[in-house]
Number of protein chains: 2
Amino acid sequence: MRARVSSGTRRTPAPSLPQINGAPHARHEIILGVDPSVRGTGFGIIRLAKPHPVVLVQGTIHCPAGWERSRCLARIAQELRDTLRKHKATVCVIEGLFYAQNLQTAIIMGEARGASLVSVAEAGLEIFEIAPRKVKQAIVGYGGAQKLAVAKMVQRMLHLPEPPEPDAADALALALAFAQESSRYTFAAPKKI
Amino acid sequence: MRARVSSGTRRTPAPSLPQINGAPHARHEIILGVDPSVRGTGFGIIRLAKPHPVVLVQGTIHCPAGWERSRCLARIAQELRDTLRKHKATVCVIEGLFYAQNLQTAIIMGEARGASLVSVAEAGLEIFEIAPRKVKQAIVGYGGAQKLAVAKMVQRMLHLPEPPEPDAADALALALAFAQESSRYTFAAPKKI
């Protein structure tokens, strides 16, 4: 599966999102995905539409290595706040339980999440978590998929001219995975946080 | 040392803060200490003064266990923002490297830190970290001091009528430790973040 997606030679049809009418969370049509990290927070907002969802905005909030961490956190919060002022998403999806190398890394990743979540919560969005493996499973069909495979599939699902930057691709993948999860009745609904 | 402080029977003079003129960071006279956690973020602002520093405000931002985490984070950011609007601190001190039970706990503690740091950074304060052991060492004279011992010594140093709530006491201890650290030339200055 990974080879198929990342080789780019064999064409497979882009997966279409299932019908969402009447499903849980069906009211959410504008979905923000966020992949927070101090130096490069990916974000993307999609609007559910036919024949395929469209990207309203996507990007990466870069913070130079020389910046103090607190300055990065303020930048992340500000950029997300500005983005949500322009594009009125009603729900946000963020990664659930994930791996970190050690406690220090986990705390620093948590700080970036906290900075992101403040802006999102203050903008009134509902916030859900989906585990990274479930996102990959939903997008690529394989929980251990590599970043490039995710980016390429995101590109195809959203009919983008080129693959998004890796962090933005992860954010868009979260939004797409939420749309899929919401479209069917499932025992493992995304966790609200 | 611990017994001396927590027994409350033997009187020892409250330690006075050393002279701060001419020392590094001497320009900071209004110091915010923050001890972030999702359910109970302690904070305290002190103003350096003679004969002893005075508390401008202190408290704990409580969030009920039933609240979603993101709601707590928004509350923490909002309360600190409001507090800094009323009391113009110029520097903030937060715990440095600390212990967490596991990665999940570390991420969640990190989220509370991120929410706090966004408000503090957006209010323009400089932000420093001091390790918990160094705070206890500075306040109680013993790096392994217990919370109650810290709270009692904070009470005495600030001439408070009663010991602050534990989280607020930790926050005030951070501010006091910063004042002490700043008052002398040291090879282990607080780390700016």
# chains A, B, ... in the order shown; residues from 1 in each chain; ligands from 1

$ residues_around --residues "stretch 160-164 of chain A" --least-positions-apart "4" --cutoff "12 Å" --atoms "only C-alpha atoms" --output "NGL selection string"
:A and (6 or 8 or 14 or 42-44 or 52-60 or 147-156 or 168-173)

$ write_last_selection --atoms "N, CA, C and O atoms" --output "tab-separated table (two decimals), in the first residue's frame"
chain	number	residue	atom	x	y	z
A	6	SER	N	3.31	5.95	-2.78
A	6	SER	CA	4.46	6.83	-2.90
A	6	SER	C	5.17	6.70	-4.24
A	6	SER	O	5.91	7.58	-4.64
A	8	GLY	N	3.76	6.70	-7.18
A	8	GLY	CA	3.16	7.69	-8.06
A	8	GLY	C	3.02	7.21	-9.49
A	8	GLY	O	2.65	7.97	-10.38
A	14	ALA	N	-8.83	8.23	-6.51
A	14	ALA	CA	-8.79	8.90	-5.21
A	14	ALA	C	-10.02	8.46	-4.43
A	14	ALA	O	-11.12	8.40	-4.99
A	42	GLY	N	1.56	22.57	11.52
A	42	GLY	CA	0.77	22.47	10.30
A	42	GLY	C	-0.70	22.72	10.58
A	42	GLY	O	-1.19	22.36	11.65
A	43	PHE	N	-1.37	23.35	9.62
A	43	PHE	CA	-2.81	23.54	9.78
A	43	PHE	C	-3.48	23.48	8.41
A	43	PHE	O	-2.83	23.71	7.38
A	44	GLY	N	-4.74	23.15	8.41
A	44	GLY	CA	-5.49	23.12	7.16
A	44	GLY	C	-6.97	23.12	7.46
A	44	GLY	O	-7.43	22.48	8.41
A	52	HIS	N	-15.81	16.56	-4.15
A	52	HIS	CA	-14.76	16.26	-3.18
A	52	HIS	C	-14.58	17.46	-2.26
A	52	HIS	O	-14.93	18.59	-2.63
A	53	PRO	N	-14.05	17.23	-1.05
A	53	PRO	CA	-13.85	18.35	-0.13
A	53	PRO	C	-12.84	19.34	-0.72
A	53	PRO	O	-11.96	18.94	-1.48
A	54	VAL	N	-12.99	20.61	-0.35
A	54	VAL	CA	-12.06	21.61	-0.86
A	54	VAL	C	-11.27	22.24	0.29
A	54	VAL	O	-11.75	22.34	1.41
A	55	VAL	N	-10.05	22.63	-0.04
A	55	VAL	CA	-9.19	23.27	0.94
A	55	VAL	C	-9.47	24.77	0.96
A	55	VAL	O	-9.40	25.42	-0.08
A	56	LEU	N	-9.79	25.31	2.11
A	56	LEU	CA	-9.98	26.76	2.22
A	56	LEU	C	-8.66	27.45	2.50
A	56	LEU	O	-8.39	28.54	2.02
A	57	VAL	N	-7.84	26.81	3.32
A	57	VAL	CA	-6.52	27.36	3.64
A	57	VAL	C	-5.67	26.24	4.19
A	57	VAL	O	-6.18	25.28	4.78
A	58	GLN	N	-4.39	26.32	3.97
A	58	GLN	CA	-3.48	25.34	4.57
A	58	GLN	C	-2.11	25.98	4.64
A	58	GLN	O	-1.79	26.88	3.87
A	59	GLY	N	-1.31	25.51	5.57
A	59	GLY	CA	0.02	26.08	5.68
A	59	GLY	C	0.76	25.56	6.89
A	59	GLY	O	0.28	24.68	7.61
A	60	THR	N	1.95	26.09	7.09
A	60	THR	CA	2.78	25.72	8.23
A	60	THR	C	3.25	26.99	8.92
A	60	THR	O	3.68	27.92	8.25
A	147	LYS	N	5.12	9.49	5.99
A	147	LYS	CA	4.62	10.86	5.80
A	147	LYS	C	4.35	11.18	4.32
A	147	LYS	O	3.36	11.80	3.98
A	148	LEU	N	5.27	10.75	3.48
A	148	LEU	CA	5.14	11.08	2.06
A	148	LEU	C	3.89	10.44	1.46
A	148	LEU	O	3.18	11.06	0.65
A	149	ALA	N	3.61	9.22	1.90
A	149	ALA	CA	2.42	8.53	1.40
A	149	ALA	C	1.16	9.28	1.82
A	149	ALA	O	0.22	9.44	1.03
A	150	VAL	N	1.16	9.78	3.06
A	150	VAL	CA	0.01	10.55	3.54
A	150	VAL	C	-0.14	11.82	2.71
A	150	VAL	O	-1.23	12.15	2.23
A	151	ALA	N	0.97	12.52	2.50
A	151	ALA	CA	0.91	13.78	1.75
A	151	ALA	C	0.38	13.56	0.33
A	151	ALA	O	-0.44	14.34	-0.17
A	152	LYS	N	0.82	12.48	-0.29
A	152	LYS	CA	0.37	12.23	-1.67
A	152	LYS	C	-1.12	11.89	-1.73
A	152	LYS	O	-1.83	12.28	-2.64
A	153	MET	N	-1.57	11.11	-0.75
A	153	MET	CA	-2.98	10.75	-0.75
A	153	MET	C	-3.84	11.97	-0.42
A	153	MET	O	-4.92	12.16	-1.00
A	154	VAL	N	-3.36	12.82	0.48
A	154	VAL	CA	-4.07	14.06	0.80
A	154	VAL	C	-4.19	14.92	-0.47
A	154	VAL	O	-5.26	15.47	-0.78
A	155	GLN	N	-3.09	14.99	-1.20
A	155	GLN	CA	-3.10	15.75	-2.45
A	155	GLN	C	-4.20	15.26	-3.40
A	155	GLN	O	-4.95	16.05	-3.97
A	156	ARG	N	-4.29	13.93	-3.51
A	156	ARG	CA	-5.26	13.36	-4.45
A	156	ARG	C	-6.69	13.54	-3.96
A	156	ARG	O	-7.59	13.86	-4.73
A	168	ALA	N	1.59	20.47	7.03
A	168	ALA	CA	0.25	20.85	6.56
A	168	ALA	C	-0.50	19.61	6.07
A	168	ALA	O	-1.71	19.48	6.29
A	169	ALA	N	0.22	18.70	5.43
A	169	ALA	CA	-0.41	17.47	4.95
A	169	ALA	C	-0.96	16.66	6.14
A	169	ALA	O	-2.07	16.13	6.08
A	170	ASP	N	-0.20	16.59	7.22
A	170	ASP	CA	-0.68	15.87	8.40
A	170	ASP	C	-1.93	16.52	8.97
A	170	ASP	O	-2.86	15.84	9.42
A	171	ALA	N	-1.96	17.85	8.95
A	171	ALA	CA	-3.13	18.56	9.46
A	171	ALA	C	-4.35	18.30	8.57
A	171	ALA	O	-5.45	18.04	9.07
A	172	LEU	N	-4.14	18.35	7.26
A	172	LEU	CA	-5.25	18.08	6.34
A	172	LEU	C	-5.73	16.63	6.47
A	172	LEU	O	-6.92	16.34	6.37
A	173	ALA	N	-4.78	15.73	6.70
A	173	ALA	CA	-5.13	14.32	6.88
A	173	ALA	C	-6.03	14.15	8.11
A	173	ALA	O	-6.98	13.37	8.09

$ select_by_dssp --residues "chain B" --states "alpha helix (DSSP H)" --output "ChimeraX atom specification"
/B:2-7,69-86,103-122,132-139,147-157,166-182

$ closest_residue --among "A:Gly141, A:Pro132, A:Pro36, A:Pro51" --to "B:Glu111" --atoms "only C-alpha atoms"
A:Pro36

$ interface_residues --of "chain A" --to "chain B" --cutoff "6 Å" --atoms "only C-alpha atoms" --output "list in words"
Glu68, Arg69, Ser70, Leu73, Ala74, Leu103, Ala106, Ile107, Gly110, Glu111, Arg113, Gly114, Ala115, Val118 and Ile193 of chain A

$ write_last_selection --atoms "C-alpha atoms" --output "compact mmCIF listing (two decimals), in the first residue's frame"
# COMPACT_ATOMS: atom_id res chain seq x y z
CA GLU A 68 12.68 31.64 22.19
CA ARG A 69 10.07 28.95 22.75
CA SER A 70 7.58 31.36 24.28
CA LEU A 73 3.97 29.73 21.20
CA ALA A 74 2.61 33.27 20.92
CA LEU A 103 9.44 13.46 28.78
CA ALA A 106 6.58 15.44 25.30
CA ILE A 107 6.32 18.56 27.44
CA GLY A 110 2.42 19.63 24.76
CA GLU A 111 3.23 23.32 24.96
CA ARG A 113 -0.62 21.82 21.57
CA GLY A 114 -1.68 24.06 24.46
CA ALA A 115 -0.90 27.21 22.49
CA VAL A 118 -6.22 28.04 23.41
CA ILE A 193 -11.15 17.02 24.48

$ select_by_dssp --residues "stretch 24-136 of chain A" --states "strand (DSSP E or B)" --output "PyMOL selection string"
chain A and resi 30-35+40-47+54-62+91-95+126-130

$ atom_distance --atom1 "atom CA of A:Gln180" --atom2 "atom CA of A:Glu95"
15.3 Å

$ residues_around --residues "A:Ile31" --least-positions-apart "4" --cutoff "6 Å" --atoms "only C-alpha atoms" --output "PDB file with C-alpha atoms, in the first residue's frame"
ATOM      1  CA  ILE A  45      -9.175  23.913   6.842  1.00  0.00           C
ATOM      2  CA  ILE A  46     -11.384  21.909   4.513  1.00  0.00           C
ATOM      3  CA  ALA A  89     -14.460  26.345  10.994  1.00  0.00           C
ATOM      4  CA  VAL A  91     -14.657  21.805  14.586  1.00  0.00           C
ATOM      5  CA  CYS A  92     -10.956  21.150  15.142  1.00  0.00           C
ATOM      6  CA  ALA A 175      -9.430  16.913   8.935  1.00  0.00           C
TER       7      ALA A 175
END
